[in-house]
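Novice: This is the content of work_30.txt (compact mmCIF, C-alpha atoms and all ligand atoms):
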```
# COMPACT_ATOMS: atom_id res chain seq x y z
CA MET A 1 85.82 250.34 95.90
CA GLY A 2 87.90 250.65 99.07
CA GLU A 3 90.81 248.20 99.31
CA ASP A 4 90.59 247.34 95.64
CA ARG A 5 91.56 250.75 94.38
CA ASP A 6 95.21 251.20 93.56
CA MET A 7 97.34 253.65 95.51
CA ALA A 8 97.59 256.20 92.74
CA GLU A 9 93.82 256.54 92.74
CA ILE A 10 93.58 256.77 96.50
CA GLU A 11 96.25 259.45 96.61
CA SER A 12 94.30 261.72 94.26
CA VAL A 13 91.48 263.38 96.12
CA PHE A 14 90.53 265.24 92.98
CA ARG A 15 91.28 264.55 89.35
CA LEU A 16 89.94 266.69 86.55
CA GLU A 17 90.39 265.56 82.97
CA ASN A 18 89.72 268.22 80.35
CA ALA A 19 86.87 269.59 82.44
CA THR A 20 84.82 272.41 80.94
CA CYS A 21 81.89 274.34 82.47
CA ARG A 22 79.85 276.64 80.32
CA TYR A 23 77.41 279.43 80.93
CA GLY A 24 75.89 279.81 77.50
CA ASP A 25 78.80 280.50 75.17
CA LEU A 26 81.13 281.43 78.00
CA ARG A 27 83.61 278.84 79.18
CA ALA A 28 83.87 279.59 82.91
CA VAL A 29 86.19 276.58 83.28
CA ASP A 30 87.92 275.75 80.03
CA ASN A 31 89.46 272.34 79.44
CA VAL A 32 91.15 272.01 82.84
CA THR A 33 93.26 268.97 83.72
CA LEU A 34 94.40 268.87 87.34
CA LYS A 35 95.22 266.49 90.18
CA ILE A 36 95.10 267.24 93.87
CA SER A 37 96.47 264.76 96.42
CA GLN A 38 95.25 263.95 99.89
CA GLY A 39 96.48 266.55 102.38
CA GLU A 40 97.64 269.06 99.77
CA GLN A 41 97.22 272.77 100.38
CA VAL A 42 96.37 274.55 97.16
CA ALA A 43 95.63 278.24 96.60
CA PHE A 44 93.76 279.24 93.45
CA ILE A 45 94.65 282.71 92.26
CA GLY A 46 93.66 284.80 89.28
CA PRO A 47 91.59 287.84 88.37
CA SER A 48 87.91 288.16 89.10
CA GLY A 49 85.91 286.13 86.58
CA SER A 50 88.79 283.74 85.83
CA GLY A 51 86.77 280.70 86.93
CA LYS A 52 87.95 280.06 90.51
CA THR A 53 84.49 279.75 92.04
CA THR A 54 83.25 277.50 89.24
CA LEU A 55 86.31 275.27 89.58
CA LEU A 56 85.84 274.98 93.35
CA ARG A 57 82.21 274.00 92.72
CA LEU A 58 83.42 271.22 90.43
CA LEU A 59 85.63 269.99 93.27
CA ASN A 60 82.87 269.99 95.88
CA THR A 61 80.54 268.28 93.37
CA MET A 62 77.98 271.08 93.43
CA ARG A 63 78.55 271.57 89.69
CA ALA A 64 78.99 268.90 87.03
CA PRO A 65 81.26 269.52 84.02
CA ASP A 66 79.63 270.06 80.62
CA GLU A 67 82.61 268.34 79.03
CA GLY A 68 85.42 266.26 80.46
CA ARG A 69 85.54 264.24 83.65
CA VAL A 70 85.77 264.87 87.39
CA PHE A 71 86.92 262.14 89.77
CA VAL A 72 86.74 262.42 93.55
CA ALA A 73 88.72 259.82 95.50
CA GLY A 74 89.12 257.82 92.32
CA THR A 75 85.43 257.63 91.46
CA GLU A 76 83.91 259.62 88.64
CA VAL A 77 81.30 261.88 90.18
CA VAL A 78 78.67 261.23 87.48
CA ASN A 79 78.81 257.53 88.36
CA CYS A 80 78.16 258.06 92.07
CA THR A 81 74.86 256.86 93.49
CA ALA A 82 72.80 259.39 95.42
CA SER A 83 73.95 257.94 98.73
CA GLN A 84 77.61 257.92 97.66
CA LEU A 85 77.25 261.54 96.64
CA ARG A 86 75.73 262.42 100.02
CA LYS A 87 78.54 260.63 101.75
CA LEU A 88 81.16 262.43 99.64
CA ARG A 89 79.59 265.80 100.30
CA SER A 90 79.54 265.13 104.02
CA ARG A 91 83.35 264.70 103.86
CA ILE A 92 83.92 267.91 101.86
CA ALA A 93 83.30 271.07 103.86
CA THR A 94 82.80 274.26 101.90
CA ILE A 95 83.09 277.84 103.04
CA PRO A 96 81.27 279.72 100.28
CA GLN A 97 82.22 283.23 99.23
CA ASN A 98 79.27 284.74 101.13
CA LEU A 99 80.01 282.43 104.13
CA GLY A 100 76.51 280.94 104.01
CA LEU A 101 75.67 281.70 107.63
CA VAL A 102 72.13 282.13 108.92
CA PRO A 103 72.18 285.65 110.41
CA ASN A 104 69.27 285.20 112.83
CA LEU A 105 70.74 282.12 114.47
CA THR A 106 73.32 282.08 117.23
CA VAL A 107 76.96 281.18 116.66
CA ILE A 108 76.54 277.70 118.10
CA GLN A 109 73.42 277.02 116.01
CA ASN A 110 75.29 278.01 112.86
CA VAL A 111 78.24 275.78 113.74
CA VAL A 112 76.07 272.75 114.45
CA LEU A 113 74.14 273.26 111.19
CA GLY A 114 77.29 272.29 109.33
CA LYS A 115 76.83 268.64 110.22
CA GLY A 116 73.50 268.51 108.40
CA GLY A 117 74.90 266.70 105.38
CA ALA A 118 76.32 263.85 107.43
CA ARG A 119 73.16 263.06 109.34
CA GLY A 120 71.31 259.93 108.29
CA THR A 121 74.11 258.45 106.18
CA VAL A 122 74.07 254.70 106.29
CA GLY A 123 76.97 253.15 108.17
CA SER A 124 77.49 250.44 105.59
CA ILE A 125 78.57 252.85 102.87
CA ARG A 126 82.33 252.75 102.93
CA ASP A 127 84.15 256.06 103.16
CA MET A 128 85.27 257.04 99.70
CA LEU A 129 87.62 259.66 100.95
CA LEU A 130 90.23 258.58 103.44
CA PRO A 131 88.92 258.75 106.99
CA MET A 132 90.46 261.37 109.22
CA LYS A 133 93.43 260.33 111.33
CA GLN A 134 91.92 261.96 114.34
CA ASP A 135 88.63 262.05 116.18
CA SER A 136 86.43 265.06 115.69
CA LEU A 137 87.23 268.10 117.76
CA SER A 138 84.55 269.00 120.28
CA ILE A 139 82.55 272.09 119.59
CA HIS A 140 84.29 273.87 122.47
CA GLU A 141 87.74 272.94 121.17
CA ILE A 142 86.74 274.28 117.77
CA LEU A 143 85.36 277.56 119.03
CA GLU A 144 88.40 278.06 121.22
CA ARG A 145 90.68 277.28 118.31
CA VAL A 146 89.06 279.79 116.01
CA GLY A 147 88.87 282.32 118.85
CA ILE A 148 85.13 282.89 119.21
CA GLU A 149 84.32 280.79 122.29
CA GLU A 150 82.92 283.75 124.20
CA LYS A 151 80.47 284.42 121.37
CA LEU A 152 78.68 281.09 121.59
CA TYR A 153 75.21 282.52 122.12
CA ALA A 154 75.61 285.77 120.21
CA ARG A 155 73.43 286.28 117.18
CA THR A 156 75.61 285.77 114.16
CA SER A 157 74.37 288.98 112.50
CA GLU A 158 75.78 290.98 115.43
CA LEU A 159 79.34 289.81 114.86
CA SER A 160 82.01 291.62 112.87
CA GLY A 161 82.97 290.39 109.40
CA GLY A 162 86.12 288.77 110.77
CA GLN A 163 84.19 286.99 113.52
CA GLN A 164 81.64 285.74 111.00
CA GLN A 165 84.46 284.28 108.94
CA ARG A 166 85.56 282.40 112.03
CA VAL A 167 82.05 281.07 112.61
CA ALA A 168 82.08 279.77 109.04
CA ILE A 169 85.44 278.09 109.67
CA ALA A 170 84.13 276.57 112.92
CA ARG A 171 81.10 275.22 111.09
CA ALA A 172 83.33 273.61 108.47
CA LEU A 173 85.61 272.09 111.14
CA PHE A 174 82.65 270.67 113.04
CA GLN A 175 82.04 268.50 109.99
CA ASN A 176 85.50 266.92 110.62
CA PRO A 177 86.10 267.10 106.87
CA SER A 178 88.62 265.25 104.71
CA VAL A 179 88.63 268.26 102.41
CA LEU A 180 88.01 271.93 103.10
CA ILE A 181 87.14 274.19 100.20
CA ALA A 182 87.13 277.90 100.94
CA ASP A 183 86.11 280.43 98.31
CA GLU A 184 87.74 283.79 99.02
CA PRO A 185 87.17 283.38 102.76
CA VAL A 186 88.97 286.62 103.61
CA SER A 187 87.79 288.92 100.85
CA SER A 188 86.11 291.53 103.06
CA VAL A 189 88.38 292.06 106.06
CA ASP A 190 91.47 294.13 106.78
CA PRO A 191 94.88 292.68 105.78
CA ALA A 192 95.97 291.71 109.32
CA ARG A 193 92.71 289.83 109.91
CA ALA A 194 92.97 288.20 106.51
CA ARG A 195 96.48 286.98 107.27
CA ASP A 196 95.43 285.54 110.67
CA THR A 197 92.53 283.67 109.12
CA VAL A 198 94.50 282.23 106.20
CA LYS A 199 97.25 281.20 108.62
CA LEU A 200 94.69 279.50 110.86
CA LEU A 201 93.23 277.55 107.94
CA GLU A 202 96.66 276.45 106.79
CA GLU A 203 97.68 275.38 110.31
CA LEU A 204 94.47 273.46 110.87
CA SER A 205 94.91 271.68 107.55
CA GLY A 206 98.45 270.64 108.60
CA GLU A 207 97.39 269.47 112.05
CA ARG A 208 94.16 267.74 111.10
CA GLY A 209 95.42 266.42 107.77
CA PHE A 210 92.56 267.68 105.61
CA THR A 211 93.13 268.73 102.02
CA LEU A 212 92.75 272.50 101.68
CA CYS A 213 91.66 274.19 98.46
CA ILE A 214 91.21 277.92 98.74
CA SER A 215 90.72 280.76 96.31
CA LEU A 216 92.51 283.91 97.32
CA HIS A 217 92.45 287.48 96.25
CA HIS A 218 95.67 288.20 98.13
CA ILE A 219 98.60 286.84 96.15
CA GLU A 220 101.01 287.63 99.00
CA LEU A 221 99.04 285.39 101.38
CA ALA A 222 98.88 282.62 98.81
CA ARG A 223 102.66 282.87 98.39
CA GLU A 224 103.36 282.98 102.11
CA PHE A 225 101.24 280.06 103.24
CA PHE A 226 100.63 277.70 100.32
CA PRO A 227 103.09 275.21 98.86
CA ARG A 228 101.11 275.05 95.62
CA LEU A 229 99.55 277.87 93.64
CA VAL A 230 97.21 277.33 90.72
CA GLY A 231 96.76 280.44 88.57
CA MET A 232 93.63 280.80 86.49
CA ARG A 233 92.79 283.07 83.66
CA SER A 234 89.74 282.98 81.36
CA GLY A 235 88.79 279.57 82.73
CA LYS A 236 92.20 278.01 82.04
CA VAL A 237 94.93 276.95 84.42
CA VAL A 238 97.87 279.08 83.30
CA LEU A 239 100.29 278.27 86.10
CA ASP A 240 100.62 275.51 88.65
CA GLY A 241 103.53 275.11 91.04
CA PRO A 242 105.27 276.16 94.24
CA PRO A 243 105.42 279.91 95.00
CA ASP A 244 109.21 279.96 94.65
CA ASP A 245 108.84 279.07 90.99
CA LEU A 246 106.51 281.99 90.40
CA LYS A 247 108.12 284.74 88.36
CA ASP A 248 106.94 288.33 88.06
CA SER A 249 106.28 287.65 84.40
CA ASP A 250 103.90 284.83 85.42
CA LEU A 251 101.92 287.27 87.53
CA ASP A 252 101.90 289.74 84.65
CA THR A 253 100.43 287.06 82.43
CA LEU A 254 97.85 286.29 85.07
CA TYR A 255 96.70 289.81 85.83
CA LYS A 256 97.59 292.05 82.91
CA LEU A 257 94.54 292.82 80.85
CA THR A 258 94.66 291.86 77.23
CA GLN A 259 93.67 294.44 74.65
CA LYS A 260 90.38 292.61 74.12
CA GLU A 261 89.63 292.62 77.85
CA MET A 262 90.42 296.33 78.12
CA MET A 263 87.94 297.04 75.37
CA LEU A 264 85.32 294.99 77.21
CA ASP A 265 86.11 296.91 80.39
CA ALA A 266 85.69 300.28 78.80
N1 LIG B 301 75.56 281.76 87.25
C1 LIG B 301 76.26 282.30 86.24
N2 LIG B 301 75.68 282.65 85.09
C2 LIG B 301 76.37 283.17 84.06
N3 LIG B 301 77.70 283.39 84.09
C3 LIG B 301 78.36 283.06 85.21
C4 LIG B 301 77.68 282.49 86.34
N4 LIG B 301 78.60 282.26 87.32
C5 LIG B 301 79.77 282.66 86.82
N5 LIG B 301 79.65 283.14 85.57
C6 LIG B 301 80.73 283.65 84.70
O1 LIG B 301 81.73 282.64 84.64
C7 LIG B 301 83.03 283.22 84.68
C8 LIG B 301 83.78 282.63 85.84
O2 LIG B 301 83.18 283.04 87.04
P1 LIG B 301 83.67 282.58 88.45
O3 LIG B 301 83.87 281.11 88.45
O4 LIG B 301 82.73 283.14 89.47
O5 LIG B 301 85.11 283.29 88.54
P2 LIG B 301 85.92 283.85 89.79
O6 LIG B 301 85.48 283.09 91.00
O7 LIG B 301 87.35 283.62 89.43
O8 LIG B 301 85.59 285.30 89.90
C9 LIG B 301 82.81 284.72 84.78
O9 LIG B 301 82.91 285.27 83.49
C10 LIG B 301 81.41 284.85 85.33
O10 LIG B 301 80.81 286.05 84.90
MG MG B 302 84.71 283.75 92.82
```
Have the structure of the file written as structure tokens, please.
Specialist:
Amino acid sequence: MGEDRDMAEIESVFRLENATCRYGDLRAVDNVTLKISQGEQVAFIGPSGSGKTTLLRLLNTMRAPDEGRVFVAGTEVVNCTASQLRKLRSRIATIPQNLGLVPNLTVIQNVVLGKGGARGTVGSIRDMLLPMKQDSLSIHEILERVGIEEKLYARTSELSGGQQQRVAIARALFQNPSVLIADEPVSSVDPARARDTVKLLEELSGERGFTLCISLHHIELAREFFPRLVGMRSGKVVLDGPPDDLKDSDLDTLYKLTQKEMMLDA
């Protein structure tokens, strides 16, 4: 590992080869092949139930594929030792769809909790993901950056939805991650708030150099801020490219219900 890996491997943070995840007979992720490079900013779009959350859980190693292979930083996840897996997970920050905050704790307690995964890792295990170019931001820098510094000692449950999203972002940043995975981080706020938050995540990814993988409800935000869109439908990747290449007919394909789906809906 480390110096011995060739550049192509190092450049791919994530590589999925024909990855499939099943729930019973349902293929939540269906034969997906995909590469994501270090520092890329990727927005996953597609209707509800298309497999975005399951795919993001493959990336952050919380789910293993039932078929196919998943490589993180050139190493197949199933071959990782427990300590390698811990190390990997400490480098991949996740903002889950429900934010995963502890409501009874203060803002600062929630932010500091994010480092839990990194604690106790042995120094001799070499970083599998590229180390960050920069030192960690201090907690005050982070809170200032996300705009909640005056809320440090507020109980998290007393904050607005938008503020809670920012606490979740602060917690992820405090991990000084190589990769940030955010699952619909702006699903429950007004459009102006949603835009500010997505913009903040994209800017931070550019400045800090972390890879950003986000699933987004709002196609317009995905188009505005992300150089690469991956469209999912029924577990499959049905489009993958820059927003300028996206045609209205592609979006129709992505979101128009098929006859079969309409019957299921009814
Ligand atoms: N724990 C689960 N048990 C059974 N089915 C699930 C589970 N999680 C997700 N699914 C199903 O897998 C498919 C993909 O879900 P998901 O990855 O959450 O999609 P998305 O995030 O795009 O809404 C959906 O049909 C969903 O109902
Ligand atoms: Mg989801």
Novice: Please indicate the distance in Å from atom CA of Tyr255 of chain A to atom CA of Pro47 of chain A, rounded to one decimal place.
Specialist: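 Going from atom CA of Tyr255 of chain A over to atom CA of Pro47 of chain A covers 6.0 Å.
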Novice: Using all atoms listed in the file, find the one residue out of A:Arg155, A:Arg22, A:Arg15, A:Arg63 that sits nearest to ligand LIG 301 (chain B).
Specialist: A:Arg22
Novice: State, in Å with one decimal place, the distance from atom CA of Thr81 of chain A to atom CA of Ser178 of chain A.
Specialist: 19.6 Å
Novice: When the cut-off is 6 Å and you count all atoms listed in the file, which residues lie near ligand LIG 301 (chain B), shown as a list in words?
Specialist: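 With all atoms listed in the file and a cut-off of 6 Å, ligand LIG 301 (chain B) is contacted by Tyr23, Ala28, Ser48, Gly49, Ser50, Gly51, Lys52, Thr53 and Thr54 of chain A.
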Novice: For the residues in the current selection, export C-alpha atoms as a short mmCIF file (atom, residue, chain, number, x, y, z; two decimals), keeping the file's coordinate frame.
Specialist:
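selection03.cif was written with the following content:
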```cif
data_model
loop_
_atom_site.label_atom_id
_atom_site.label_comp_id
_atom_site.auth_asym_id
_atom_site.auth_seq_id
_atom_site.Cartn_x
_atom_site.Cartn_y
_atom_site.Cartn_z
CA TYR A 23 77.41 279.43 80.93
CA ALA A 28 83.87 279.59 82.91
CA SER A 48 87.91 288.16 89.10
CA GLY A 49 85.91 286.13 86.58
CA SER A 50 88.79 283.74 85.83
CA GLY A 51 86.77 280.70 86.93
CA LYS A 52 87.95 280.06 90.51
CA THR A 53 84.49 279.75 92.04
CA THR A 54 83.25 277.50 89.24
#
```
Novice: Which neighbours of segment 193-198 of chain A fall inside 9 Å, counting all atoms listed in the file, when residues of the same chain fewer than 6 positions from it are skipped, and could you give them as a list in words?
Specialist: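 Returned residues: Val146, Gly162, Gln165, Arg166, Pro185, Val186, Ser187, His218, Leu221, Ala222 and Phe225 of chain A.
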Novice: Between A:Ile45, A:Leu201, A:Val189, A:Leu254, which is the closest to ligand MG 302 (chain B) once you count only C-alpha atoms and all ligand atoms?
Specialist: A:Ile45
Novice: Take atom CA of Pro103 of chain A and atom CA of Leu204 of chain A and report the distance between them in Å, one decimal.
Specialist: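 Between atom CA of Pro103 of chain A and atom CA of Leu204 of chain A the gap is 25.4 Å.
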Novice: Nearest to ligand MG 302 (chain B) among A:Asp252, A:Asp245, A:Asp183, A:Asp66, with distances taken over all atoms listed in the file: which residue is it?
Specialist: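 That would be A:Asp183, the residue with the smallest distance to ligand MG 302 (chain B).
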Novice: Between A:Glu141, A:Asp30, A:Glu150, A:Glu184, which has the minimum distance to ligand MG 302 (chain B) (counting only C-alpha atoms and all ligand atoms)?
Specialist: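 Smallest distance to ligand MG 302 (chain B) is found for A:Glu184.
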Novice: What's the 10 Å shell around His140 of chain A, counting all atoms listed in the file, without same-chain residues fewer than 3 positions away, as an MDAnalysis selection string?
Specialist: chainID A and resid 108 137 143:146 148:149 152 170
Novice: Only C-alpha atoms, please: the residues just picked out, written as a compact mmCIF listing (two decimals), keeping the file's coordinate frame.
Specialist:
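Wrote it out as part_23.txt, contents follow:
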```
# COMPACT_ATOMS: atom_id res chain seq x y z
CA ILE A 108 76.54 277.70 118.10
CA LEU A 137 87.23 268.10 117.76
CA LEU A 143 85.36 277.56 119.03
CA GLU A 144 88.40 278.06 121.22
CA ARG A 145 90.68 277.28 118.31
CA VAL A 146 89.06 279.79 116.01
CA ILE A 148 85.13 282.89 119.21
CA GLU A 149 84.32 280.79 122.29
CA LEU A 152 78.68 281.09 121.59
CA ALA A 170 84.13 276.57 112.92
```
Novice: Provide an axis-aligned box for all listed atoms of segment 231-250 of chain A, padding each side by 6 Å; report its centre and its edge lengths in Å to one decimal, as lines of an AutoDock Vina configuration file.
Specialist:
```
center_x = 99.0
center_y = 281.7
center_z = 88.2
size_x = 32.4
size_y = 25.2
size_z = 25.6
```
Novice: Which is closer to ligand MG 302 (chain B) than all the others in A:Val230, A:Leu56, A:Leu113, A:Ile95, using all atoms listed in the file?
Specialist: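 Nearest candidate to ligand MG 302 (chain B) out of A:Val230, A:Leu56, A:Leu113, A:Ile95: A:Leu56.
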